[in-house]
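Trainee: Handing you a structure now.
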Amino acid sequence: MAVVAKVAVIGLGAMGSRFARRFLDAGHEVIVWNRTPGKADELVSSGAVPAASPADAARSADAVITMVADPAALRAVTEGPDGIAAGADAQTTVIEMSTVGIAAVRWLASALPAGTGLLDAPVLGSLSEAESGTLLVFVGGPHRLAKRWIRLFEALGSVMIAGPLGSGAGMKLVANATLVGTLTLFGETVALADRLGLSREASMEMLHFTPLSLVAKRRRDQLETGEFPLRFRLALARKDAELILEAAEAAHLDARVLAAAATWFAEAEQAGLGDRDYSEILRLITRRGSASGTE
């Protein structure tokens with residue numbers, strides 16, 4: 001691959017906009033499209049080229065990156081006369097970087113024109129990692145195609161070539177399973193300590209000597225201050241928890257612990273916490289424990 005590539009970024013939310021910025025800073029030609037055009041203004045002022053539609057972006061680019069919220073949003077930017085599939089051809093590589101699950105990646109493969117290159121490359125990390133270029137990119141797809149675009153991925157962070165198409169999505173679901181599982185277990189553990197009359201300070205110190213030590217270290221200040229800065233929207237974590245369960249069901253895996261974790265995120269979103277950080281689940285769990293009272 002040449003040092004400079006024409007890269008289209010479809011979806012300029014919190015992560016997509018940072019991807020586009022990293023690509024610009026790396027010297028690539030960047031084409032941008034977003035459902036709300038105003039979100040592209042800052043990038044355009046820095047040298048990005050606005051596209052009239054996803055199809056227009058695909059016609060102009062060597063690589064088309066999708067960074068959207070969920071499988072429905074991926075369909076919306078892919079299908080129809082203005083969709084990516086209408087503008088892509090055998091010279092195009094589509095790189096799906098959203099967290100949409102394995103089934104959606106397989107659907108995308110069927111929706112694109114024959115001969116179009118396709119990689120799935122979701123990332124591990126959040127806003128600060130996206131800004132600093134320290135994400136971990138999981139790449140699934142033909143090995144030669146993955147190697148062709150590795151320099152592009154390196155603008156975002158380190159790269160793990162996961163395997164055939166769908167492997168990147170699979171890696172991301174496994175990684176996020178640890179996030180939703182440990183966060184809810186940590187919340188329930190703290191709530192149990194509270195209910196048993198243990199001081200919060202003492203129980204947090206104890207947790208540093210358990211397998212939950214890392215999450216206890218990271219989340220202690222949040223529990224003490226009650227402040228949960230937005231890094232990853234809870235609604236997206238709930239969506240990911242559902243995708244994890246769908247993947248487990250498709251693989252005929254009994255994932256009852258992860259199913260229980262998913263119920264916490266579903267309840268939190270129903271309680272109006274969807275636009276807050278996903279770590280707000282800790283406030284919900286611990287308050288629920290306190291509200292239950294003691295016998």
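Ordering of the structure tokens sets the chain letters (A, B, ...); residue numbers start at 1 within each chain; ligands are numbered from 1 in the order shown.
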Based on DSSP run over this structure's backbone, return all residues of segment 143-229 of chain A in alpha helix (DSSP H), as a PyMOL selection string.

Mentor: chain A and resi 143-148+150-153+167-195+200-207+213-225

Trainee: Near Arg18 of chain A, within 10 Å and counting only C-alpha atoms, which residues show up once chain neighbours fewer than 5 positions away are dropped, as a PyMOL selection string?

Mentor: chain A and resi 12-13+23-24+43+127-133+156

Trainee: Give me, as number ranges by chain, all polymer residues having an atom no more than 10 Å from Arg238 of chain A, counting only C-alpha atoms and skipping those fewer than 4 positions away in the same chain.

Mentor: A: 180, 233-234, 242-244, 261-269, 274, 278

Trainee: May I have all residues of segment 67-113 of chain A that DSSP, computed from the backbone, assigns to strand (DSSP E or B), given as a ChimeraX atom specification?

Mentor: /A:93-96

Trainee: Residues of the last selection are to be written out with N, CA, C and O atoms, as an mmCIF file, in the first residue's frame.

Mentor:
```cif
data_model
loop_
_atom_site.group_PDB
_atom_site.id
_atom_site.type_symbol
_atom_site.label_atom_id
_atom_site.label_comp_id
_atom_site.auth_asym_id
_atom_site.auth_seq_id
_atom_site.Cartn_x
_atom_site.Cartn_y
_atom_site.Cartn_z
ATOM 1 N N THR A 93 -11.891 -1.483 -0.750
ATOM 2 C CA THR A 93 -11.878 -2.309 0.455
ATOM 3 C C THR A 93 -12.786 -1.659 1.487
ATOM 4 O O THR A 93 -12.575 -0.496 1.860
ATOM 5 N N VAL A 94 -13.799 -2.379 1.916
ATOM 6 C CA VAL A 94 -14.674 -1.909 2.992
ATOM 7 C C VAL A 94 -14.136 -2.478 4.306
ATOM 8 O O VAL A 94 -13.851 -3.675 4.400
ATOM 9 N N ILE A 95 -13.993 -1.617 5.296
ATOM 10 C CA ILE A 95 -13.445 -2.022 6.591
ATOM 11 C C ILE A 95 -14.478 -1.689 7.662
ATOM 12 O O ILE A 95 -14.688 -0.521 7.981
ATOM 13 N N GLU A 96 -15.117 -2.721 8.178
ATOM 14 C CA GLU A 96 -16.167 -2.541 9.184
ATOM 15 C C GLU A 96 -15.498 -2.483 10.558
ATOM 16 O O GLU A 96 -14.954 -3.461 11.037
#
```

Trainee: Excluding segment 162-178 of chain A and its own-chain neighbours fewer than 5 positions away, which residues fall within 7 Å of it when counting only C-alpha atoms? Please give them as a PDB file with N, CA and C atoms, in the first residue's frame.

Mentor:
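Written file, result-v1.pdb:
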```pdb
ATOM      1  N   THR A  99     -18.817  -2.120  16.414  1.00  0.00           N
ATOM      2  CA  THR A  99     -19.099  -3.358  17.140  1.00  0.00           C
ATOM      3  C   THR A  99     -20.521  -3.773  16.780  1.00  0.00           C
ATOM      4  N   GLY A 101     -21.135  -7.315  15.696  1.00  0.00           N
ATOM      5  CA  GLY A 101     -21.284  -8.760  15.784  1.00  0.00           C
ATOM      6  C   GLY A 101     -20.939  -9.480  14.493  1.00  0.00           C
ATOM      7  N   ILE A 102     -20.792 -10.782  14.618  1.00  0.00           N
ATOM      8  CA  ILE A 102     -20.351 -11.616  13.503  1.00  0.00           C
ATOM      9  C   ILE A 102     -21.421 -11.721  12.425  1.00  0.00           C
ATOM     10  N   VAL A 105     -21.405  -8.809  10.088  1.00  0.00           N
ATOM     11  CA  VAL A 105     -20.268  -8.834   9.168  1.00  0.00           C
ATOM     12  C   VAL A 105     -20.559  -9.775   8.009  1.00  0.00           C
ATOM     13  N   LEU A 119     -12.888  -6.306   5.277  1.00  0.00           N
ATOM     14  CA  LEU A 119     -12.253  -6.652   6.543  1.00  0.00           C
ATOM     15  C   LEU A 119     -13.171  -6.221   7.675  1.00  0.00           C
ATOM     16  N   ASP A 120     -13.140  -6.968   8.765  1.00  0.00           N
ATOM     17  CA  ASP A 120     -13.810  -6.491   9.980  1.00  0.00           C
ATOM     18  C   ASP A 120     -12.716  -6.189  10.986  1.00  0.00           C
ATOM     19  N   ALA A 121     -12.747  -4.961  11.544  1.00  0.00           N
ATOM     20  CA  ALA A 121     -11.630  -4.510  12.373  1.00  0.00           C
ATOM     21  C   ALA A 121     -12.094  -3.625  13.520  1.00  0.00           C
ATOM     22  N   PRO A 122     -12.913  -4.150  14.433  1.00  0.00           N
ATOM     23  CA  PRO A 122     -13.316  -3.357  15.598  1.00  0.00           C
ATOM     24  C   PRO A 122     -12.123  -3.113  16.512  1.00  0.00           C
ATOM     25  N   VAL A 123     -12.288  -2.181  17.436  1.00  0.00           N
ATOM     26  CA  VAL A 123     -11.158  -1.777  18.272  1.00  0.00           C
ATOM     27  C   VAL A 123     -11.477  -1.959  19.748  1.00  0.00           C
ATOM     28  N   LEU A 124     -10.424  -2.147  20.533  1.00  0.00           N
ATOM     29  CA  LEU A 124     -10.537  -2.187  21.982  1.00  0.00           C
ATOM     30  C   LEU A 124      -9.927  -0.910  22.528  1.00  0.00           C
ATOM     31  N   PHE A 138      -8.530  -5.286  16.156  1.00  0.00           N
ATOM     32  CA  PHE A 138      -8.669  -6.708  15.830  1.00  0.00           C
ATOM     33  C   PHE A 138      -9.072  -6.821  14.363  1.00  0.00           C
ATOM     34  N   VAL A 139      -8.253  -7.441  13.536  1.00  0.00           N
ATOM     35  CA  VAL A 139      -8.533  -7.484  12.099  1.00  0.00           C
ATOM     36  C   VAL A 139      -8.893  -8.899  11.665  1.00  0.00           C
ATOM     37  N   GLY A 140     -10.062  -9.036  11.051  1.00  0.00           N
ATOM     38  CA  GLY A 140     -10.488 -10.301  10.480  1.00  0.00           C
ATOM     39  C   GLY A 140     -10.646 -10.171   8.978  1.00  0.00           C
ATOM     40  N   GLY A 141     -10.283 -11.216   8.253  1.00  0.00           N
ATOM     41  CA  GLY A 141     -10.421 -11.191   6.800  1.00  0.00           C
ATOM     42  C   GLY A 141      -9.232 -11.838   6.129  1.00  0.00           C
ATOM     43  N   PRO A 142      -9.194 -11.824   4.797  1.00  0.00           N
ATOM     44  CA  PRO A 142      -8.073 -12.426   4.071  1.00  0.00           C
ATOM     45  C   PRO A 142      -6.742 -11.833   4.537  1.00  0.00           C
ATOM     46  N   ILE A 244     -23.204 -10.168  22.415  1.00  0.00           N
ATOM     47  CA  ILE A 244     -22.454 -11.255  23.040  1.00  0.00           C
ATOM     48  C   ILE A 244     -23.355 -12.456  23.263  1.00  0.00           C
TER      49      ILE A 244
END
```

Trainee: Write out as a ChimeraX atom specification which residues come within 12 Å of Val44 of chain A when counting only C-alpha atoms, dropping same-chain ones fewer than 2 positions away.

Mentor: /A:12,17,20-21,24,29-34,37-42,46-51

Trainee: Please provide the set of residues having any atom within 10 Å of segment 215-230 of chain A, restricted to only C-alpha atoms, with same-chain residues fewer than 2 positions apart removed, written as a PyMOL selection string.

Mentor: chain A and resi 126-127+179+182-183+186-187+190+200-201+203-213+232-234+275-283+286

Trainee: May I ask for the distance between atom CA of Ile161 of chain A and atom CA of Ala146 of chain A, given in Å to one decimal place?

Mentor: 7.2 Å

Trainee: Can you list, as an NGL selection string, every protein, DNA or RNA residue that comes within 9 Å of Ala57 of chain A when you count only C-alpha atoms, leaving out same-chain residues fewer than 3 positions away?

Mentor: :A and (7-10 or 31-33 or 50-54 or 60-61 or 64 or 84 or 87-88)

Trainee: Quick one: distance from atom CA of His28 of chain A to atom CA of Ala5 of chain A in Å, one decimal?

Mentor: 5.3 Å

Trainee: Take atom CA of Leu236 of chain A and atom CA of Leu74 of chain A and report the distance between them in Å, one decimal.

Mentor: 14.4 Å
